[in-house]
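The data block below is start_19.pdb; it holds PDB, C-alpha atoms.
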ATOM      1  CA  MET A   1     -75.458  48.879  50.720
ATOM      2  CA  LEU A   2     -75.546  48.641  54.480
ATOM      3  CA  ASP A   3     -77.881  45.673  54.264
ATOM      4  CA  ALA A   4     -75.499  43.880  51.956
ATOM      5  CA  ARG A   5     -72.634  44.450  54.359
ATOM      6  CA  TYR A   6     -74.589  43.074  57.296
ATOM      7  CA  HIS A   7     -75.622  40.099  55.249
ATOM      8  CA  GLN A   8     -72.009  39.414  54.492
ATOM      9  CA  ARG A   9     -71.055  39.683  58.137
ATOM     10  CA  LYS A  10     -73.655  37.187  59.180
ATOM     11  CA  LYS A  11     -72.041  34.665  56.906
ATOM     12  CA  THR A  12     -68.722  34.929  58.719
ATOM     13  CA  LYS A  13     -68.131  32.140  61.167
ATOM     14  CA  VAL A  14     -68.089  33.500  64.688
ATOM     15  CA  SER A  15     -65.783  30.878  66.084
ATOM     16  CA  ASN A  16     -63.021  31.825  63.678
ATOM     17  CA  LEU A  17     -62.879  35.372  64.944
ATOM     18  CA  GLY A  18     -61.801  34.516  68.461
ATOM     19  CA  GLN A  19     -61.298  37.287  70.974
ATOM     20  CA  VAL A  20     -60.922  40.144  68.581
ATOM     21  CA  GLY A  21     -64.304  39.665  67.047
ATOM     22  CA  PHE A  22     -66.920  40.726  69.590
ATOM     23  CA  GLY A  23     -69.166  38.672  67.392
ATOM     24  CA  GLN A  24     -68.797  39.723  63.810
ATOM     25  CA  GLY A  25     -68.454  43.183  62.384
ATOM     26  CA  ASP A  26     -65.904  45.603  61.157
ATOM     27  CA  LEU A  27     -62.867  43.915  62.623
ATOM     28  CA  SER A  28     -60.739  47.005  62.363
ATOM     29  CA  LYS A  29     -63.085  48.800  64.756
ATOM     30  CA  TRP A  30     -64.421  46.232  67.194
ATOM     31  CA  HIS A  31     -62.182  44.969  69.948
ATOM     32  CA  SER A  32     -62.683  43.041  73.121
ATOM     33  CA  LYS A  33     -60.100  42.517  75.794
ATOM     34  CA  ASN A  34     -62.266  39.918  77.467
ATOM     35  CA  ASP A  35     -65.882  38.861  77.701
ATOM     36  CA  ALA A  36     -66.833  41.731  79.971
ATOM     37  CA  LEU A  37     -66.025  44.613  77.629
ATOM     38  CA  GLY A  38     -66.757  45.420  73.999
ATOM     39  CA  VAL A  39     -65.038  48.372  72.382
ATOM     40  CA  ARG A  40     -65.640  50.066  69.071
ATOM     41  CA  VAL A  41     -62.988  52.666  68.309
ATOM     42  CA  GLU A  42     -62.427  54.725  65.216
ATOM     43  CA  PRO A  43     -58.891  54.735  63.884
ATOM     44  CA  MET A  44     -56.940  57.460  65.642
ATOM     45  CA  ASN A  45     -56.669  60.733  63.793
ATOM     46  CA  ALA A  46     -55.245  64.127  64.551
ATOM     47  CA  LEU A  47     -58.473  65.177  66.245
ATOM     48  CA  THR A  48     -58.697  62.307  68.692
ATOM     49  CA  THR A  49     -55.134  61.321  69.502
ATOM     50  CA  GLY A  50     -54.323  62.464  72.994
ATOM     51  CA  ALA A  51     -57.577  64.417  73.075
ATOM     52  CA  GLU A  52     -57.617  66.906  75.917
ATOM     53  CA  LYS A  53     -61.370  67.452  75.802
ATOM     54  CA  ILE A  54     -63.651  64.464  76.159
ATOM     55  CA  ALA A  55     -67.428  64.571  75.839
ATOM     56  CA  ALA A  56     -68.823  61.322  77.262
ATOM     57  CA  PHE A  57     -72.380  60.070  76.948
ATOM     58  CA  ASP A  58     -74.623  57.250  77.992
ATOM     59  CA  LEU A  59     -76.383  55.508  75.095
ATOM     60  CA  ASP A  60     -79.808  54.240  76.160
ATOM     61  CA  GLY A  61     -82.203  57.055  76.999
ATOM     62  CA  THR A  62     -79.586  59.728  76.447
ATOM     63  CA  ILE A  63     -78.502  59.604  72.824
ATOM     64  CA  GLN A  64     -81.035  57.066  71.628
ATOM     65  CA  THR A  65     -84.528  56.035  72.651
ATOM     66  CA  THR A  66     -86.572  53.146  71.403
ATOM     67  CA  LYS A  67     -89.056  53.630  68.572
ATOM     68  CA  ASP A  68     -91.550  51.178  69.983
ATOM     69  CA  TYR A  69     -93.540  52.534  72.935
ATOM     70  CA  ARG A  70     -94.801  49.017  73.725
ATOM     71  CA  MET A  71     -91.278  48.114  74.833
ATOM     72  CA  LYS A  72     -91.632  50.464  77.795
ATOM     73  CA  ASP A  73     -90.986  47.796  80.419
ATOM     74  CA  ARG A  74     -87.765  46.553  78.901
ATOM     75  CA  PRO A  75     -87.095  49.398  76.528
ATOM     76  CA  TYR A  76     -83.511  48.766  75.549
ATOM     77  CA  MET A  77     -83.454  45.033  75.052
ATOM     78  CA  VAL A  78     -82.249  44.801  71.497
ATOM     79  CA  SER A  79     -84.539  42.692  69.397
ATOM     80  CA  ASN A  80     -84.168  44.699  66.242
ATOM     81  CA  CYS A  81     -81.092  46.809  65.749
ATOM     82  CA  ASP A  82     -83.167  49.260  63.734
ATOM     83  CA  GLY A  83     -85.553  49.844  66.656
ATOM     84  CA  PHE A  84     -83.805  52.954  67.944
ATOM     85  CA  LYS A  85     -83.961  56.631  67.137
ATOM     86  CA  PHE A  86     -82.181  59.757  68.285
ATOM     87  CA  ARG A  87     -83.633  61.213  71.448
ATOM     88  CA  SER A  88     -84.243  64.523  69.718
ATOM     89  CA  PRO A  89     -82.858  66.551  66.804
ATOM     90  CA  ILE A  90     -80.854  68.537  69.347
ATOM     91  CA  VAL A  91     -78.688  65.446  69.952
ATOM     92  CA  LYS A  92     -77.532  65.539  66.346
ATOM     93  CA  GLU A  93     -76.806  69.247  66.468
ATOM     94  CA  ALA A  94     -75.001  69.009  69.801
ATOM     95  CA  LEU A  95     -72.814  66.060  68.786
ATOM     96  CA  SER A  96     -71.661  67.607  65.540
ATOM     97  CA  GLU A  97     -71.043  71.008  67.094
ATOM     98  CA  LEU A  98     -69.050  69.456  69.949
ATOM     99  CA  TYR A  99     -67.019  67.449  67.465
ATOM    100  CA  ARG A 100     -66.304  70.563  65.432
ATOM    101  CA  ALA A 101     -65.214  72.374  68.594
ATOM    102  CA  GLY A 102     -62.572  69.688  69.158
ATOM    103  CA  TRP A 103     -64.308  67.417  71.675
ATOM    104  CA  LYS A 104     -63.648  63.705  71.428
ATOM    105  CA  ILE A 105     -67.000  61.955  71.683
ATOM    106  CA  VAL A 106     -67.155  58.772  73.739
ATOM    107  CA  ILE A 107     -70.127  56.578  74.643
ATOM    108  CA  PHE A 108     -70.100  54.439  77.792
ATOM    109  CA  SER A 109     -72.919  51.915  77.970
ATOM    110  CA  ASN A 110     -73.934  49.104  80.295
ATOM    111  CA  GLN A 111     -75.532  46.337  78.248
ATOM    112  CA  SER A 112     -76.820  43.865  80.788
ATOM    113  CA  GLN A 113     -78.442  41.638  78.223
ATOM    114  CA  ALA A 114     -75.078  40.458  76.905
ATOM    115  CA  LYS A 115     -74.344  38.367  79.939
ATOM    116  CA  GLY A 116     -72.581  35.503  78.310
ATOM    117  CA  ALA A 117     -69.804  35.242  75.812
ATOM    118  CA  MET A 118     -69.156  38.162  73.548
ATOM    119  CA  ASN A 119     -69.989  36.034  70.565
ATOM    120  CA  GLY A 120     -73.592  35.536  71.648
ATOM    121  CA  VAL A 121     -76.662  36.643  69.751
ATOM    122  CA  SER A 122     -77.267  39.786  71.803
ATOM    123  CA  ALA A 123     -73.636  40.842  71.488
ATOM    124  CA  ARG A 124     -74.003  40.645  67.729
ATOM    125  CA  LYS A 125     -77.192  42.699  67.839
ATOM    126  CA  ILE A 126     -75.600  45.389  69.979
ATOM    127  CA  ARG A 127     -72.712  45.581  67.562
ATOM    128  CA  GLU A 128     -75.005  45.903  64.577
ATOM    129  CA  ARG A 129     -76.949  48.589  66.376
ATOM    130  CA  VAL A 130     -73.832  50.636  67.118
ATOM    131  CA  ASP A 131     -72.486  50.203  63.598
ATOM    132  CA  LEU A 132     -75.792  51.568  62.359
ATOM    133  CA  LEU A 133     -75.593  54.503  64.782
ATOM    134  CA  ALA A 134     -72.066  55.267  63.590
ATOM    135  CA  ALA A 135     -73.250  55.293  59.984
ATOM    136  CA  GLU A 136     -76.112  57.648  60.891
ATOM    137  CA  VAL A 137     -73.812  59.960  62.823
ATOM    138  CA  ARG A 138     -71.480  60.120  59.849
ATOM    139  CA  LEU A 139     -74.388  61.076  57.593
ATOM    140  CA  PHE A 140     -75.868  63.820  59.722
ATOM    141  CA  SER A 141     -72.482  65.416  60.158
ATOM    142  CA  PHE A 142     -72.641  66.408  56.540
ATOM    143  CA  SER A 143     -76.259  67.502  56.564
ATOM    144  CA  CYS A 144     -75.655  69.660  59.633
ATOM    145  CA  PHE A 145     -72.694  71.419  58.086
ATOM    146  CA  PHE A 146     -74.757  72.334  55.083
ATOM    147  CA  CYS A 147     -77.742  73.511  57.095
ATOM    148  CA  ILE A 148     -75.797  76.019  59.163
TER     149      ILE A 148
ATOM    150  CA  MET B   1     -64.462  69.548  59.736
ATOM    151  CA  GLY B   2     -65.082  66.033  58.639
ATOM    152  CA  GLU B   3     -67.247  63.168  59.639
ATOM    153  CA  VAL B   4     -68.448  63.054  63.201
ATOM    154  CA  LYS B   5     -67.070  59.966  64.892
ATOM    155  CA  PHE B   6     -67.389  58.463  68.310
ATOM    156  CA  ASP B   7     -65.768  55.721  70.351
ATOM    157  CA  PHE B   8     -68.032  53.176  71.998
ATOM    158  CA  TYR B   9     -67.374  51.226  75.187
ATOM    159  CA  CYS B  10     -69.841  48.602  76.288
ATOM    160  CA  ALA B  11     -69.753  46.660  79.561
ATOM    161  CA  THR B  12     -71.527  43.388  79.031
ATOM    162  CA  GLN B  13     -71.813  41.307  82.143
ATOM    163  CA  ILE B  14     -73.807  41.767  85.298
ATOM    164  CA  ASP B  15     -71.510  39.197  86.815
ATOM    165  CA  LYS B  16     -70.260  40.076  90.282
ATOM    166  CA  SER B  17     -66.946  38.522  89.393
ATOM    167  CA  ASP B  18     -66.275  41.408  87.021
ATOM    168  CA  GLU B  19     -62.887  42.273  88.460
ATOM    169  CA  HIS B  20     -62.330  45.086  86.024
ATOM    170  CA  ASN B  21     -65.210  47.252  87.248
ATOM    171  CA  TYR B  22     -66.275  47.811  83.675
ATOM    172  CA  ARG B  23     -69.913  48.307  84.499
ATOM    173  CA  LYS B  24     -71.003  51.791  85.489
ATOM    174  CA  PRO B  25     -70.681  53.159  88.150
ATOM    175  CA  GLY B  26     -67.325  51.312  88.073
ATOM    176  CA  ILE B  27     -64.651  53.187  86.169
ATOM    177  CA  GLY B  28     -63.113  50.279  84.253
ATOM    178  CA  MET B  29     -64.458  51.578  80.929
ATOM    179  CA  TYR B  30     -63.134  55.051  81.702
ATOM    180  CA  LYS B  31     -59.658  53.657  82.394
ATOM    181  CA  GLU B  32     -59.757  51.601  79.221
ATOM    182  CA  MET B  33     -60.689  54.726  77.270
ATOM    183  CA  LEU B  34     -57.806  56.675  78.845
ATOM    184  CA  SER B  35     -55.246  54.034  78.026
ATOM    185  CA  ARG B  36     -56.465  53.834  74.433
ATOM    186  CA  THR B  37     -56.660  57.596  73.978
ATOM    187  CA  PHE B  38     -53.263  58.384  75.447
ATOM    188  CA  ASN B  39     -51.528  55.147  74.448
ATOM    189  CA  THR B  40     -50.633  54.367  78.031
ATOM    190  CA  THR B  41     -50.954  51.112  79.904
ATOM    191  CA  ASN B  42     -52.511  51.158  83.323
ATOM    192  CA  ASN B  43     -51.093  48.157  85.112
ATOM    193  CA  ASP B  44     -53.282  48.725  88.113
ATOM    194  CA  ASN B  45     -56.573  48.216  86.310
ATOM    195  CA  ASN B  46     -58.251  45.889  88.741
ATOM    196  CA  ASN B  47     -59.485  48.453  91.211
ATOM    197  CA  ASN B  48     -62.113  51.121  91.220
ATOM    198  CA  ASN B  49     -60.095  54.171  92.085
ATOM    199  CA  MET B  50     -58.031  56.634  90.145
ATOM    200  CA  LYS B  51     -54.714  55.159  91.257
ATOM    201  CA  GLY B  52     -52.310  54.253  88.501
ATOM    202  CA  ILE B  53     -53.817  56.665  85.995
ATOM    203  CA  LEU B  54     -50.967  58.311  84.188
ATOM    204  CA  GLN B  55     -52.696  60.886  82.046
ATOM    205  CA  LYS B  56     -56.129  62.468  82.113
ATOM    206  CA  PRO B  57     -57.939  64.826  79.772
ATOM    207  CA  SER B  58     -57.946  68.399  80.976
ATOM    208  CA  LYS B  59     -61.674  68.694  80.376
ATOM    209  CA  MET B  60     -64.313  66.015  80.515
ATOM    210  CA  PHE B  61     -68.019  65.752  81.182
ATOM    211  CA  PHE B  62     -70.521  62.903  81.171
ATOM    212  CA  VAL B  63     -74.169  62.995  80.156
ATOM    213  CA  GLY B  64     -76.534  60.261  81.321
ATOM    214  CA  ASP B  65     -80.114  59.537  82.264
ATOM    215  CA  ALA B  66     -79.554  57.321  85.323
ATOM    216  CA  ALA B  67     -79.227  60.236  87.700
ATOM    217  CA  GLY B  68     -81.111  58.915  90.707
ATOM    218  CA  ARG B  69     -84.220  61.005  90.010
ATOM    219  CA  SER B  70     -87.535  59.563  91.100
ATOM    220  CA  SER B  71     -88.323  58.258  87.604
ATOM    221  CA  ASP B  72     -84.824  56.917  86.953
ATOM    222  CA  HIS B  73     -83.995  53.227  87.098
ATOM    223  CA  SER B  74     -80.721  53.825  88.937
ATOM    224  CA  SER B  75     -78.072  56.393  89.757
ATOM    225  CA  ALA B  76     -75.314  54.562  87.892
ATOM    226  CA  ASP B  77     -74.563  57.461  85.549
ATOM    227  CA  VAL B  78     -74.240  60.183  88.170
ATOM    228  CA  ASP B  79     -72.128  57.872  90.330
ATOM    229  CA  PHE B  80     -69.960  57.030  87.332
ATOM    230  CA  ALA B  81     -69.261  60.729  86.744
ATOM    231  CA  LYS B  82     -68.462  61.167  90.419
ATOM    232  CA  ASN B  83     -66.018  58.245  90.350
ATOM    233  CA  CYS B  84     -64.347  59.634  87.230
ATOM    234  CA  ALA B  85     -64.198  63.054  88.891
ATOM    235  CA  CYS B  86     -65.853  64.756  85.942
ATOM    236  CA  GLU B  87     -68.830  67.048  85.520
ATOM    237  CA  PHE B  88     -72.258  65.416  85.166
ATOM    238  CA  PHE B  89     -75.345  66.494  83.239
ATOM    239  CA  THR B  90     -78.724  64.871  82.894
ATOM    240  CA  GLU B  91     -79.924  64.397  79.332
ATOM    241  CA  ASP B  92     -82.613  67.062  79.857
ATOM    242  CA  ASP B  93     -80.173  69.673  81.125
ATOM    243  CA  PHE B  94     -77.580  68.975  78.486
ATOM    244  CA  PHE B  95     -79.699  68.717  75.341
ATOM    245  CA  GLU B  96     -83.122  70.254  75.952
ATOM    246  CA  ARG B  97     -82.063  73.038  78.326
ATOM    247  CA  GLY B  98     -79.044  73.826  76.180
ATOM    248  CA  ALA B  99     -76.088  73.193  78.518
ATOM    249  CA  TRP B 100     -74.165  71.801  75.531
ATOM    250  CA  ARG B 101     -73.887  75.255  74.009
ATOM    251  CA  THR B 102     -71.504  76.371  76.744
ATOM    252  CA  PHE B 103     -68.997  73.741  75.574
ATOM    253  CA  VAL B 104     -69.192  74.707  71.935
ATOM    254  CA  ALA B 105     -68.490  78.427  72.193
ATOM    255  CA  THR B 106     -64.741  78.982  72.158
ATOM    256  CA  LYS B 107     -63.067  81.918  73.893
ATOM    257  CA  LYS B 108     -62.508  83.637  70.603
ATOM    258  CA  ASP B 109     -66.163  83.333  69.754
ATOM    259  CA  ASP B 110     -67.098  84.730  73.147
ATOM    260  CA  GLU B 111     -64.900  87.771  72.633
ATOM    261  CA  ASN B 112     -66.312  88.359  69.201
ATOM    262  CA  VAL B 113     -69.822  88.002  70.493
ATOM    263  CA  ILE B 114     -69.189  90.475  73.298
ATOM    264  CA  ILE B 115     -67.585  93.002  70.961
ATOM    265  CA  ASP B 116     -70.397  92.638  68.487
ATOM    266  CA  LEU B 117     -72.999  92.980  71.183
ATOM    267  CA  THR B 118     -71.478  96.098  72.727
ATOM    268  CA  THR B 119     -71.122  97.897  69.427
ATOM    269  CA  ASP B 120     -74.538  96.801  68.331
ATOM    270  CA  VAL B 121     -76.129  97.670  71.625
ATOM    271  CA  SER B 122     -74.530 101.114  71.840
ATOM    272  CA  GLN B 123     -75.504 101.867  68.274
ATOM    273  CA  SER B 124     -78.959 100.543  68.648
ATOM    274  CA  LYS B 125     -79.330 102.448  71.916
ATOM    275  CA  LYS B 126     -78.511 105.706  70.205
ATOM    276  CA  LEU B 127     -80.701 104.876  67.276
ATOM    277  CA  GLY B 128     -83.358 103.522  69.567
ATOM    278  CA  ASN B 129     -83.354 106.624  71.736
ATOM    279  CA  ALA B 130     -83.413 108.882  68.762
ATOM    280  CA  SER B 131     -86.187 107.025  67.055
ATOM    281  CA  ALA B 132     -88.016 106.574  70.320
ATOM    282  CA  SER B 133     -87.938 110.273  71.074
ATOM    283  CA  ASN B 134     -88.908 110.998  67.507
ATOM    284  CA  SER B 135     -91.739 108.547  67.507
ATOM    285  CA  SER B 136     -92.932 109.626  70.944
ATOM    286  CA  SER B 137     -92.874 113.229  69.960
ATOM    287  CA  SER B 138     -94.600 112.451  66.712
ATOM    288  CA  ALA B 139     -97.044 110.247  68.525
ATOM    289  CA  ALA B 140     -97.601 112.991  71.025
ATOM    290  CA  GLU B 141     -98.066 115.467  68.247
ATOM    291  CA  GLY B 142    -100.409 113.074  66.582
ATOM    292  CA  GLU B 143    -102.408 112.705  69.749
ATOM    293  CA  TYR B 144    -102.708 116.366  70.380
ATOM    294  CA  ALA B 145    -103.229 117.330  66.770
TER     295      ALA B 145
END

Here is a file; write its structure as structure tokens.
Amino acid sequence: MLDARYHQRKKTKVSNLGQVGFGQGDLSKWHSKNDALGVRVEPMNALTTGAEKIAAFDLDGTIQTTKDYRMKDRPYMVSNCDGFKFRSPIVKEALSELYRAGWKIVIFSNQSQAKGAMNGVSARKIRERVDLLAAEVRLFSFSCFFCI
Amino acid sequence: MGEVKFDFYCATQIDKSDEHNYRKPGIGMYKEMLSRTFNTTNNDNNNNNMKGILQKPSKMFFVGDAAGRSSDHSSADVDFAKNCACEFFTEDDFFERGAWRTFVATKKDDENVIIDLTTDVSQSKKLGNASASNSSSSAAEGEYA
């Protein structure tokens, strides 16, 4: 199902999306004020509106690492958005427990490879990668609740 | 309960002309997050200090791997936390060494845990002493028998 969605996104013409697009993707979630910043926010809900407790993380090397050890020199250059895995199972446990305890989870990441316009190839790959991560996070939230 | 969700902020350009200081250790992303979270507009966004910030979360921490250790590629993450005036953890400390657990336990839980522990401990002490004396005496008897 995910694959089908991505396939559909790729068909969308980038130029039509303008500033909002950050390439293609779930337009309700991806925003960009300008070329220097991409933002993916979940719709506000009671848990996150005006959150008083914020748990912030880096992405590369903190939440995710690369699957391919041969990429050691330039480990986080996105060539394949499926090339990442969680750093350890503890990350999953920690994120869902923090979320349950009322922490708003935020990821701040420097992505040097997306130097140019937000609609470039690497911007699209980063967006696909984060969409995939979001889907995974949503899944393990359920599995964790049932394991406990 | 519900699905775990996160917000993602990504600074894209190395460009020195990045006036917004989006890239870590600049705090542009942090300010953007604040204005989105609290629905405020920071007019004074084009600087790298905390001026013009209207509302901040009461608690915040940041976990990153660029902590300026010998094997790290930079100290951008630890500097970012410093600039945001929030607590910093390395990924090892936070996940592997279990620092995250201190943020999950609520006060209520703590109290319950303490109460449970004290009752359990006192009971087990009594039981333990009793059984220990019993077993030692029996063991002693056994030895001398």

With a cut-off of 7 Å, could you pull out the residues of chain B touching chain A and give me the nearest pair of atoms for each, distance in Å to one decimal, using all atoms listed in the file, ordered by chain and ascending number, as a tab-separated table?
residue	atom	partner	partner_atom	distance
B:Met1	CA	A:Arg100	CA	6.1
B:Glu3	CA	A:Arg138	CA	5.2
B:Val4	CA	A:Arg138	CA	5.4
B:Lys5	CA	A:Arg138	CA	6.7
B:Phe6	CA	A:Ile105	CA	4.9
B:Asp7	CA	A:Val41	CA	4.6
B:Phe8	CA	A:Ile107	CA	4.8
B:Tyr9	CA	A:Val39	CA	4.6
B:Cys10	CA	A:Ser109	CA	4.8
B:Ala11	CA	A:Leu37	CA	4.7
B:Thr12	CA	A:Gln111	CA	5.0
B:Gln13	CA	A:Lys115	CA	4.5
B:Ile14	CA	A:Ser112	CA	5.8
B:Tyr22	CA	A:Leu37	CA	6.8
B:Arg23	CA	A:Asn110	CA	5.9
B:Lys24	CA	A:Asn110	CA	6.5
B:Thr37	CA	A:Gly50	CA	5.5
B:Phe38	CA	A:Gly50	CA	4.9
B:Pro57	CA	A:Glu52	CA	4.4
B:Ser58	CA	A:Glu52	CA	5.3
B:Lys59	CA	A:Lys53	CA	4.7
B:Met60	CA	A:Ile54	CA	4.7
B:Phe61	CA	A:Ala55	CA	5.5
B:Phe62	CA	A:Ala56	CA	4.5
B:Val63	CA	A:Phe57	CA	4.7
B:Gly64	CA	A:Asp58	CA	4.9
B:Asp65	CA	A:Thr62	CA	5.8
B:Glu91	CA	A:Thr62	CA	5.5
B:Phe95	CA	A:Ile90	CA	6.1
B:Trp100	CA	A:Ala94	CA	6.4
B:Val104	CA	A:Leu98	CA	5.6

Give the answer as one residue: which of B:Thr40, B:Gln55, B:Glu32, B:Gly26 has the shortest atom-to-atom distance to Lys82 of chain B, using all atoms listed in the file?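 For Lys82 of chain B, the nearest of the given residues is B:Gly26.
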
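For the pair atom CA of Gln64 of chain A and atom CA of Ala76 of chain B, the separation is 17.4 Å.
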
What separation in Å, quoted to one decimal, exists between atom CA of Glu128 of chain A and atom CA of Met33 of chain B?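 Here the two named atoms are 21.1 Å from each other.
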
What does the distance from atom CA of Val121 of chain A to atom CA of Ile27 of chain B come to in Å, to one decimal? 26.2 Å

Using all atoms listed in the file, which protein or nucleic acid residues come within 8 Å of Cys84 of chain B? Drop anything in the same chain fewer than 2 positions from it, and give the result as a PDB file with C-alpha atoms, keeping the file's coordinate frame.
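Once written, result23.pdb looks like this:
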ATOM      1  CA  ILE B  27     -64.651  53.187  86.169  1.00  0.00           C
ATOM      2  CA  TYR B  30     -63.134  55.051  81.702  1.00  0.00           C
ATOM      3  CA  MET B  50     -58.031  56.634  90.145  1.00  0.00           C
ATOM      4  CA  PHE B  80     -69.960  57.030  87.332  1.00  0.00           C
ATOM      5  CA  ALA B  81     -69.261  60.729  86.744  1.00  0.00           C
ATOM      6  CA  LYS B  82     -68.462  61.167  90.419  1.00  0.00           C
ATOM      7  CA  CYS B  86     -65.853  64.756  85.942  1.00  0.00           C
TER       8      CYS B  86
END

Could you rebuild segment 88-100 of chain A with N, CA and C atoms and give me the result as a PDB file, in the frame of the given file?
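Final file, result.pdb:
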ATOM      1  N   SER A  88     -83.635  63.334  70.314  1.00  0.00           N
ATOM      2  CA  SER A  88     -84.243  64.523  69.718  1.00  0.00           C
ATOM      3  C   SER A  88     -83.277  65.069  68.680  1.00  0.00           C
ATOM      4  N   PRO A  89     -83.759  65.972  67.816  1.00  0.00           N
ATOM      5  CA  PRO A  89     -82.858  66.551  66.804  1.00  0.00           C
ATOM      6  C   PRO A  89     -81.703  67.307  67.442  1.00  0.00           C
ATOM      7  N   ILE A  90     -81.911  67.773  68.665  1.00  0.00           N
ATOM      8  CA  ILE A  90     -80.854  68.537  69.347  1.00  0.00           C
ATOM      9  C   ILE A  90     -79.611  67.674  69.549  1.00  0.00           C
ATOM     10  N   VAL A  91     -79.820  66.353  69.757  1.00  0.00           N
ATOM     11  CA  VAL A  91     -78.688  65.446  69.952  1.00  0.00           C
ATOM     12  C   VAL A  91     -77.756  65.512  68.750  1.00  0.00           C
ATOM     13  N   LYS A  92     -78.343  65.485  67.564  1.00  0.00           N
ATOM     14  CA  LYS A  92     -77.532  65.539  66.346  1.00  0.00           C
ATOM     15  C   LYS A  92     -76.743  66.841  66.288  1.00  0.00           C
ATOM     16  N   GLU A  93     -77.449  67.935  66.539  1.00  0.00           N
ATOM     17  CA  GLU A  93     -76.806  69.247  66.468  1.00  0.00           C
ATOM     18  C   GLU A  93     -75.673  69.337  67.490  1.00  0.00           C
ATOM     19  N   ALA A  94     -75.981  68.895  68.718  1.00  0.00           N
ATOM     20  CA  ALA A  94     -75.001  69.009  69.801  1.00  0.00           C
ATOM     21  C   ALA A  94     -73.760  68.177  69.497  1.00  0.00           C
ATOM     22  N   LEU A  95     -73.956  66.931  69.050  1.00  0.00           N
ATOM     23  CA  LEU A  95     -72.814  66.060  68.786  1.00  0.00           C
ATOM     24  C   LEU A  95     -71.920  66.632  67.700  1.00  0.00           C
ATOM     25  N   SER A  96     -72.535  67.116  66.605  1.00  0.00           N
ATOM     26  CA  SER A  96     -71.661  67.607  65.540  1.00  0.00           C
ATOM     27  C   SER A  96     -70.987  68.912  65.916  1.00  0.00           C
ATOM     28  N   GLU A  97     -71.676  69.755  66.669  1.00  0.00           N
ATOM     29  CA  GLU A  97     -71.043  71.008  67.094  1.00  0.00           C
ATOM     30  C   GLU A  97     -69.897  70.747  68.073  1.00  0.00           C
ATOM     31  N   LEU A  98     -70.106  69.798  68.991  1.00  0.00           N
ATOM     32  CA  LEU A  98     -69.050  69.456  69.949  1.00  0.00           C
ATOM     33  C   LEU A  98     -67.838  68.909  69.204  1.00  0.00           C
ATOM     34  N   TYR A  99     -68.107  68.049  68.232  1.00  0.00           N
ATOM     35  CA  TYR A  99     -67.019  67.449  67.465  1.00  0.00           C
ATOM     36  C   TYR A  99     -66.226  68.526  66.727  1.00  0.00           C
ATOM     37  N   ARG A 100     -66.968  69.466  66.153  1.00  0.00           N
ATOM     38  CA  ARG A 100     -66.304  70.563  65.432  1.00  0.00           C
ATOM     39  C   ARG A 100     -65.472  71.418  66.369  1.00  0.00           C
TER      40      ARG A 100
END
